[in-house]
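K.L.:
One structure follows; several queries about it will come next.
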Amino acid sequence: MRAVWRTAEYLIRTGWRFWHVGLCKALALLQAAWVAFSQPVPASCGQLLTQLLLCGSLAVAGACLAHHWLVSSLFYPLGPSATIATVCGLLVFLGLGLVPPARCLFALSVPTLGTEQGRRLLLSWSTATLAVTVVPNVLANMGAAGQVLRCVTEGSLESLLNTTHQLHTASRALSPSGPVGSQGLTFQVQGNGSVFRLHMLGVTQQVLEDFSGLEELAQLAALGTQRVVTGLFLLGLLVDSAWYLHCYLTDLGFDNIYATRQLAHQLEEARATHLLASPPAWLLRATWPRLSQGELLSCLLKLGPLTLLLMATAMTVATDHVVFLLAQATVDWAQKLPIVPITLTVKYDAAYTVLGFVPFLFNQPPLENPFLSTHNSFQWELRFTSPSCPLLPAQHPHLAAPLAAGVLQLVACSTVLLETYARRLRHTIAASFFTAQEARRVHHLHARLQRRYDKHRGQQLPLGTPSVSQHLDLPASTQHR
């Protein structure tokens, strides 16, 4: 038993060791690839090949995603979509390979998806997806219900007119063929039934055409809005990344609120680690996973509108399913309407008596002489739906599109919590591409912390007492004198 436990323990340790070694090697390869990608000028042939391979892979992936997005989401033709995707891929490869700030801009656009600009892009995409799929489906199901109304109206009018015709034929059959001037049973219909039928059919047809036109208009409007809004937000995503890079390179105080390793190393060399003994509230640790109270409160406030949007999306999808169920029930009801056969039997017997009071005196029934005998049978059917009016099937709700929209909105909600980490990642990416600028920014932050410390120290010391900085500067000033 002990041998089994020892063997199992040895296997577990060996597997963990291999896993740890493999993970360390993978991280080392990723770090080396990132160093090669962030170098303005490759230091060796290996870095040059790595950089070209990464740029080519990103260009191919971007071209494939652009082609899929243009064809499946924006419904562009295959030929123009392939041309646009190829041109975009070539431009991306040339830009990433020849322009180092373009590589930084591309890398900054990835964490920018986790900021407010990327959240707007995700929400616009999810809303456009719902508008393209759910709204036309609701209108199509309403059109199916309207088609049921048209078919029932047309079938009822045809049955009514057919019944009127049969009753009129039966009334003519009851008319006596006797002498001129005799009166019989007549059946007369006021108005023109054909005109009324055509009027009702025109009204229902107009309603269906209005629904069809509204459905097409909704599809075109949603598709056009999706194309314009998506293009604007993609442009805004690139502009936001470019604005961040511009402010990072031109303003030393922009987004300079992180206690990085470079700052800690510089403070340690200057023997000024006391500056971080009581750090200010605005100073954040770049490698600290916890969020501050202000960041948590901001996340909670931003989650409120997104929760309302999720509820609106759920209501829209529920409306789609409810309208589908109503349309399906209406179509099934119309299909199950029975055909009612009607048989009208007309039997008419006419007789006369001569001197009928004589048999009455002897308490005998009078003798009847038959005069006219008619026996006719009329058959027709009552149809509540017209055979010439096809019923439209109810359209099933789309499951993939609402699911994708919900996933995009959940990702947008997660970006609220990840926005702080995305901003920290943007700072880290910019610092890895521009090391000299990051050194100047660290020196600026060091000076800012020193001024804060001196100000706080000066408020604590009584009047007339020299501060620590003054004591430190005293020999230099004496030597200068």
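By order in the structure tokens, chains are A, B, ...; within a chain, residues start at 1; ligands start at 1, following the order shown.
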May I have the residues within 8 Å of stretch 297-308 of chain A as JSON, numbers by chain, using only C-alpha atoms and disregarding those fewer than 2 positions away in the same chain?
P.N.:
{"A": [293, 294, 295, 310, 311, 312, 409, 413, 416, 417]}
K.L.:
Now that the selection is made, can you save its residues with all heavy atoms as an mmCIF file, in the first residue's frame?
P.N.:
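Ended up saving to again-v2.cif:
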data_model
loop_
_atom_site.group_PDB
_atom_site.id
_atom_site.type_symbol
_atom_site.label_atom_id
_atom_site.label_comp_id
_atom_site.auth_asym_id
_atom_site.auth_seq_id
_atom_site.Cartn_x
_atom_site.Cartn_y
_atom_site.Cartn_z
ATOM 1 N N GLN A 293 -11.759 51.634 -3.240
ATOM 2 C CA GLN A 293 -13.176 51.860 -2.970
ATOM 3 C C GLN A 293 -13.803 52.764 -4.029
ATOM 4 O O GLN A 293 -14.947 52.560 -4.442
ATOM 5 C CB GLN A 293 -13.331 52.471 -1.577
ATOM 6 C CG GLN A 293 -12.935 51.529 -0.442
ATOM 7 C CD GLN A 293 -13.174 52.155 0.912
ATOM 8 O OE1 GLN A 293 -13.564 53.322 1.013
ATOM 9 N NE2 GLN A 293 -12.925 51.389 1.970
ATOM 10 N N GLY A 294 -13.056 53.769 -4.456
ATOM 11 C CA GLY A 294 -13.579 54.634 -5.508
ATOM 12 C C GLY A 294 -13.810 53.890 -6.812
ATOM 13 O O GLY A 294 -14.806 54.119 -7.514
ATOM 14 N N GLU A 295 -12.896 52.989 -7.150
ATOM 15 C CA GLU A 295 -13.055 52.200 -8.377
ATOM 16 C C GLU A 295 -14.250 51.260 -8.267
ATOM 17 O O GLU A 295 -15.013 51.095 -9.243
ATOM 18 C CB GLU A 295 -11.783 51.408 -8.641
ATOM 19 C CG GLU A 295 -10.592 52.287 -9.018
ATOM 20 C CD GLU A 295 -9.295 51.511 -9.069
ATOM 21 O OE1 GLU A 295 -9.245 50.397 -8.494
ATOM 22 O OE2 GLU A 295 -8.333 52.023 -9.670
ATOM 23 N N LEU A 310 -29.949 45.042 -20.191
ATOM 24 C CA LEU A 310 -30.153 43.590 -20.190
ATOM 25 C C LEU A 310 -31.628 43.247 -20.007
ATOM 26 O O LEU A 310 -32.160 42.335 -20.658
ATOM 27 C CB LEU A 310 -29.314 42.953 -19.086
ATOM 28 C CG LEU A 310 -27.826 42.756 -19.371
ATOM 29 C CD1 LEU A 310 -27.116 42.246 -18.120
ATOM 30 C CD2 LEU A 310 -27.617 41.789 -20.523
ATOM 31 N N MET A 311 -32.317 43.990 -19.131
ATOM 32 C CA MET A 311 -33.748 43.756 -18.939
ATOM 33 C C MET A 311 -34.525 44.094 -20.202
ATOM 34 O O MET A 311 -35.460 43.369 -20.585
ATOM 35 C CB MET A 311 -34.248 44.573 -17.753
ATOM 36 C CG MET A 311 -33.655 44.164 -16.413
ATOM 37 S SD MET A 311 -34.182 45.239 -15.063
ATOM 38 C CE MET A 311 -35.963 44.991 -15.112
ATOM 39 N N ALA A 312 -34.153 45.188 -20.880
ATOM 40 C CA ALA A 312 -34.823 45.534 -22.138
ATOM 41 C C ALA A 312 -34.581 44.472 -23.205
ATOM 42 O O ALA A 312 -35.493 44.128 -23.983
ATOM 43 C CB ALA A 312 -34.333 46.901 -22.617
ATOM 44 N N GLN A 409 -23.472 41.708 -24.381
ATOM 45 C CA GLN A 409 -23.838 42.596 -23.281
ATOM 46 C C GLN A 409 -23.232 42.141 -21.960
ATOM 47 O O GLN A 409 -22.838 42.972 -21.125
ATOM 48 C CB GLN A 409 -25.358 42.671 -23.176
ATOM 49 C CG GLN A 409 -25.999 43.374 -24.354
ATOM 50 C CD GLN A 409 -27.497 43.495 -24.219
ATOM 51 O OE1 GLN A 409 -28.058 43.155 -23.190
ATOM 52 N NE2 GLN A 409 -28.151 43.984 -25.259
ATOM 53 N N CYS A 413 -20.726 44.203 -19.647
ATOM 54 C CA CYS A 413 -20.838 44.342 -18.184
ATOM 55 C C CYS A 413 -19.540 43.953 -17.495
ATOM 56 O O CYS A 413 -19.140 44.583 -16.505
ATOM 57 C CB CYS A 413 -21.992 43.482 -17.666
ATOM 58 S SG CYS A 413 -23.633 44.040 -18.163
ATOM 59 N N VAL A 416 -16.878 46.636 -17.295
ATOM 60 C CA VAL A 416 -16.981 47.640 -16.225
ATOM 61 C C VAL A 416 -16.036 47.290 -15.082
ATOM 62 O O VAL A 416 -15.356 48.159 -14.523
ATOM 63 C CB VAL A 416 -18.439 47.729 -15.739
ATOM 64 C CG1 VAL A 416 -18.556 48.640 -14.538
ATOM 65 C CG2 VAL A 416 -19.339 48.236 -16.854
ATOM 66 N N LEU A 417 -15.989 46.005 -14.732
ATOM 67 C CA LEU A 417 -15.092 45.569 -13.673
ATOM 68 C C LEU A 417 -13.640 45.492 -14.144
ATOM 69 O O LEU A 417 -12.712 45.634 -13.348
ATOM 70 C CB LEU A 417 -15.532 44.203 -13.140
ATOM 71 C CG LEU A 417 -16.946 44.141 -12.547
ATOM 72 C CD1 LEU A 417 -17.295 42.717 -12.172
ATOM 73 C CD2 LEU A 417 -17.068 45.059 -11.342
#
K.L.:
Give me, as a list of chain:residue names, all polymer residues having an atom no more than 12 Å from A:Thr50, counting only C-alpha atoms and skipping those fewer than 2 positions away in the same chain.
P.N.:
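Here the qualifying residues turn out to be A:Leu29, A:Leu30, A:Gln31, A:Ala32, A:Ala33, A:Trp34, A:Val35, A:Ala36, A:Phe37, A:Ser38, A:Gln39, A:Pro42, A:Ala43, A:Ser44, A:Cys45, A:Gly46, A:Gln47, A:Leu48, A:Leu52, A:Leu53, A:Leu54, A:Cys55, A:Gly56, A:Ser57, A:Gly97.
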K.L.:
I need the residues of stretch 311-459 of chain A that end up classed as alpha helix (DSSP H) by DSSP on the backbone, written out as a VMD selection string.
P.N.:
chain A and resid 311 to 335 357 to 361 400 to 433 435 to 459
K.L.:
Excluding stretch 101-105 of chain A and its own-chain neighbours fewer than 6 positions away, which residues fall within 9 Å of it when counting only C-alpha atoms? Please give them as a PyMOL selection string.
P.N.:
chain A and resi 37-38+40+55+92+95+238+241-242+245+429-430+433
K.L.:
Take the residues from that selection and put them in a file with all heavy atoms, as an mmCIF file, in the first residue's frame.
P.N.:
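Below is the file that was written, again_31.cif:
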data_model
loop_
_atom_site.group_PDB
_atom_site.id
_atom_site.type_symbol
_atom_site.label_atom_id
_atom_site.label_comp_id
_atom_site.auth_asym_id
_atom_site.auth_seq_id
_atom_site.Cartn_x
_atom_site.Cartn_y
_atom_site.Cartn_z
ATOM 1 N N PHE A 37 8.307 42.230 -30.388
ATOM 2 C CA PHE A 37 7.233 43.007 -31.000
ATOM 3 C C PHE A 37 7.298 44.473 -30.586
ATOM 4 O O PHE A 37 6.940 45.360 -31.374
ATOM 5 C CB PHE A 37 5.889 42.401 -30.604
ATOM 6 C CG PHE A 37 4.708 43.035 -31.266
ATOM 7 C CD1 PHE A 37 4.405 42.768 -32.596
ATOM 8 C CD2 PHE A 37 3.888 43.912 -30.570
ATOM 9 C CE1 PHE A 37 3.324 43.360 -33.217
ATOM 10 C CE2 PHE A 37 2.795 44.501 -31.175
ATOM 11 C CZ PHE A 37 2.515 44.218 -32.511
ATOM 12 N N SER A 38 7.738 44.739 -29.356
ATOM 13 C CA SER A 38 7.764 46.113 -28.858
ATOM 14 C C SER A 38 9.055 46.845 -29.165
ATOM 15 O O SER A 38 9.187 48.025 -28.819
ATOM 16 C CB SER A 38 7.539 46.114 -27.341
ATOM 17 O OG SER A 38 8.551 45.372 -26.675
ATOM 18 N N PRO A 40 11.453 49.033 -31.310
ATOM 19 C CA PRO A 40 11.350 49.876 -32.523
ATOM 20 C C PRO A 40 12.240 49.369 -33.652
ATOM 21 O O PRO A 40 11.823 49.327 -34.806
ATOM 22 C CB PRO A 40 11.801 51.257 -32.023
ATOM 23 C CG PRO A 40 11.622 51.220 -30.538
ATOM 24 C CD PRO A 40 11.877 49.799 -30.129
ATOM 25 N N CYS A 55 3.601 40.125 -37.028
ATOM 26 C CA CYS A 55 2.860 41.087 -37.856
ATOM 27 C C CYS A 55 2.050 40.381 -38.946
ATOM 28 O O CYS A 55 0.895 40.733 -39.213
ATOM 29 C CB CYS A 55 3.829 42.096 -38.472
ATOM 30 S SG CYS A 55 4.632 43.177 -37.275
ATOM 31 N N VAL A 92 -2.463 46.492 -42.799
ATOM 32 C CA VAL A 92 -2.102 46.182 -41.412
ATOM 33 C C VAL A 92 -0.691 45.604 -41.337
ATOM 34 O O VAL A 92 0.101 45.973 -40.451
ATOM 35 C CB VAL A 92 -3.135 45.199 -40.811
ATOM 36 C CG1 VAL A 92 -2.642 44.624 -39.491
ATOM 37 C CG2 VAL A 92 -4.462 45.907 -40.592
ATOM 38 N N GLY A 95 1.766 48.464 -42.001
ATOM 39 C CA GLY A 95 1.783 49.411 -40.890
ATOM 40 C C GLY A 95 2.462 48.851 -39.658
ATOM 41 O O GLY A 95 3.279 49.520 -39.018
ATOM 42 N N LEU A 238 -9.967 53.479 -32.464
ATOM 43 C CA LEU A 238 -8.619 53.826 -32.907
ATOM 44 C C LEU A 238 -8.245 55.241 -32.485
ATOM 45 O O LEU A 238 -7.104 55.504 -32.078
ATOM 46 C CB LEU A 238 -8.514 53.677 -34.428
ATOM 47 C CG LEU A 238 -8.684 52.256 -34.971
ATOM 48 C CD1 LEU A 238 -8.633 52.272 -36.484
ATOM 49 C CD2 LEU A 238 -7.615 51.333 -34.411
ATOM 50 N N SER A 241 -7.351 55.231 -28.787
ATOM 51 C CA SER A 241 -6.009 54.692 -28.572
ATOM 52 C C SER A 241 -4.934 55.692 -29.008
ATOM 53 O O SER A 241 -3.920 55.875 -28.311
ATOM 54 C CB SER A 241 -5.843 53.376 -29.324
ATOM 55 O OG SER A 241 -6.809 52.430 -28.918
ATOM 56 N N ALA A 242 -5.173 56.361 -30.155
ATOM 57 C CA ALA A 242 -4.201 57.356 -30.617
ATOM 58 C C ALA A 242 -4.141 58.551 -29.659
ATOM 59 O O ALA A 242 -3.052 59.102 -29.407
ATOM 60 C CB ALA A 242 -4.570 57.821 -32.024
ATOM 61 N N LEU A 245 -2.060 57.516 -26.659
ATOM 62 C CA LEU A 245 -0.634 57.482 -26.984
ATOM 63 C C LEU A 245 -0.070 58.894 -27.115
ATOM 64 O O LEU A 245 1.053 59.173 -26.650
ATOM 65 C CB LEU A 245 -0.422 56.697 -28.282
ATOM 66 C CG LEU A 245 1.026 56.487 -28.731
ATOM 67 C CD1 LEU A 245 1.821 55.752 -27.668
ATOM 68 C CD2 LEU A 245 1.061 55.741 -30.058
ATOM 69 N N ILE A 429 1.637 48.694 -21.611
ATOM 70 C CA ILE A 429 1.984 48.540 -23.032
ATOM 71 C C ILE A 429 2.745 49.754 -23.536
ATOM 72 O O ILE A 429 3.781 49.638 -24.212
ATOM 73 C CB ILE A 429 0.706 48.297 -23.855
ATOM 74 C CG1 ILE A 429 0.119 46.924 -23.531
ATOM 75 C CG2 ILE A 429 0.987 48.409 -25.343
ATOM 76 C CD1 ILE A 429 -1.223 46.672 -24.171
ATOM 77 N N ALA A 430 2.245 50.943 -23.223
ATOM 78 C CA ALA A 430 2.936 52.158 -23.670
ATOM 79 C C ALA A 430 4.327 52.257 -23.053
ATOM 80 O O ALA A 430 5.288 52.699 -23.718
ATOM 81 C CB ALA A 430 2.101 53.384 -23.308
ATOM 82 N N PHE A 433 6.814 50.032 -24.936
ATOM 83 C CA PHE A 433 7.205 50.513 -26.260
ATOM 84 C C PHE A 433 8.116 51.741 -26.177
ATOM 85 O O PHE A 433 8.985 51.922 -27.033
ATOM 86 C CB PHE A 433 5.952 50.861 -27.079
ATOM 87 C CG PHE A 433 5.386 49.704 -27.834
ATOM 88 C CD1 PHE A 433 4.421 48.905 -27.260
ATOM 89 C CD2 PHE A 433 5.811 49.410 -29.116
ATOM 90 C CE1 PHE A 433 3.882 47.825 -27.948
ATOM 91 C CE2 PHE A 433 5.273 48.340 -29.816
ATOM 92 C CZ PHE A 433 4.307 47.537 -29.221
#
K.L.:
Between atom CA of A:Thr385 and atom CA of A:Val135, what distance in Å does the model show, to one decimal?
P.N.:
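Computing the Euclidean distance for atom CA of A:Thr385 and atom CA of A:Val135 yields 28.4 Å.
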K.L.:
Looking only at strand (DSSP E) from DSSP on the backbone, list the matching residues of stretch 376-420 of chain A as a CSV table (one decimal) with all heavy atoms, in the first residue's frame.
P.N.:
chain,number,residue,atom,x,y,z
A,376,ASN,N,-86.9,19.6,-54.4
A,376,ASN,CA,-85.5,20.0,-54.8
A,376,ASN,C,-84.6,19.9,-53.6
A,376,ASN,O,-85.0,20.1,-52.5
A,376,ASN,CB,-85.4,21.4,-55.4
A,376,ASN,CG,-86.2,21.5,-56.7
A,376,ASN,OD1,-86.1,20.6,-57.6
A,376,ASN,ND2,-87.0,22.6,-56.9
A,377,SER,N,-83.3,19.6,-53.9
A,377,SER,CA,-82.3,19.5,-52.9
A,377,SER,C,-81.1,20.3,-53.3
A,377,SER,O,-80.6,20.1,-54.5
A,377,SER,CB,-81.9,18.0,-52.6
A,377,SER,OG,-80.9,18.0,-51.6
A,378,PHE,N,-80.6,21.2,-52.4
A,378,PHE,CA,-79.4,22.0,-52.7
A,378,PHE,C,-78.3,21.7,-51.7
A,378,PHE,O,-78.6,21.7,-50.5
A,378,PHE,CB,-79.8,23.5,-52.7
A,378,PHE,CG,-81.0,23.9,-53.6
A,378,PHE,CD1,-82.3,23.8,-53.1
A,378,PHE,CD2,-80.7,24.2,-54.9
A,378,PHE,CE1,-83.3,24.1,-54.0
A,378,PHE,CE2,-81.8,24.6,-55.7
A,378,PHE,CZ,-83.1,24.5,-55.3
A,379,GLN,N,-77.1,21.6,-52.2
A,379,GLN,CA,-76.0,21.3,-51.3
A,379,GLN,C,-74.8,22.2,-51.6
A,379,GLN,O,-74.5,22.5,-52.8
A,379,GLN,CB,-75.5,19.8,-51.6
A,379,GLN,CG,-76.5,18.8,-51.1
A,379,GLN,CD,-76.0,17.4,-51.4
A,379,GLN,OE1,-74.9,17.2,-51.9
A,379,GLN,NE2,-76.7,16.4,-51.0
A,380,TRP,N,-74.2,22.7,-50.6
A,380,TRP,CA,-73.0,23.6,-50.7
A,380,TRP,C,-72.2,23.5,-49.4
A,380,TRP,O,-72.6,22.8,-48.4
A,380,TRP,CB,-73.4,25.0,-51.0
A,380,TRP,CG,-74.0,25.8,-50.0
A,380,TRP,CD1,-73.5,26.6,-49.0
A,380,TRP,CD2,-75.5,25.8,-49.7
A,380,TRP,NE1,-74.4,27.1,-48.2
A,380,TRP,CE2,-75.7,26.7,-48.6
A,380,TRP,CE3,-76.6,25.2,-50.3
A,380,TRP,CZ2,-76.9,26.9,-48.1
A,380,TRP,CZ3,-77.8,25.5,-49.8
A,380,TRP,CH2,-78.0,26.3,-48.7
A,381,GLU,N,-71.1,24.1,-49.3
A,381,GLU,CA,-70.2,24.0,-48.2
A,381,GLU,C,-69.9,25.4,-47.7
A,381,GLU,O,-69.7,26.4,-48.5
A,381,GLU,CB,-68.9,23.3,-48.6
A,381,GLU,CG,-69.0,21.9,-48.9
A,381,GLU,CD,-67.7,21.2,-49.3
A,381,GLU,OE1,-66.7,22.0,-49.5
A,381,GLU,OE2,-67.6,20.0,-49.4
A,382,LEU,N,-69.8,25.5,-46.4
A,382,LEU,CA,-69.3,26.7,-45.7
A,382,LEU,C,-67.9,26.6,-45.4
A,382,LEU,O,-67.5,25.8,-44.6
A,382,LEU,CB,-70.1,27.0,-44.5
A,382,LEU,CG,-71.6,27.5,-44.6
A,382,LEU,CD1,-72.2,27.7,-43.3
A,382,LEU,CD2,-71.6,28.8,-45.4
K.L.:
What is the distance, in Å and to one decimal place, between atom CA of A:Pro393 and atom CA of A:Ser126?
P.N.:
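Here the two named atoms are 27.6 Å from each other.
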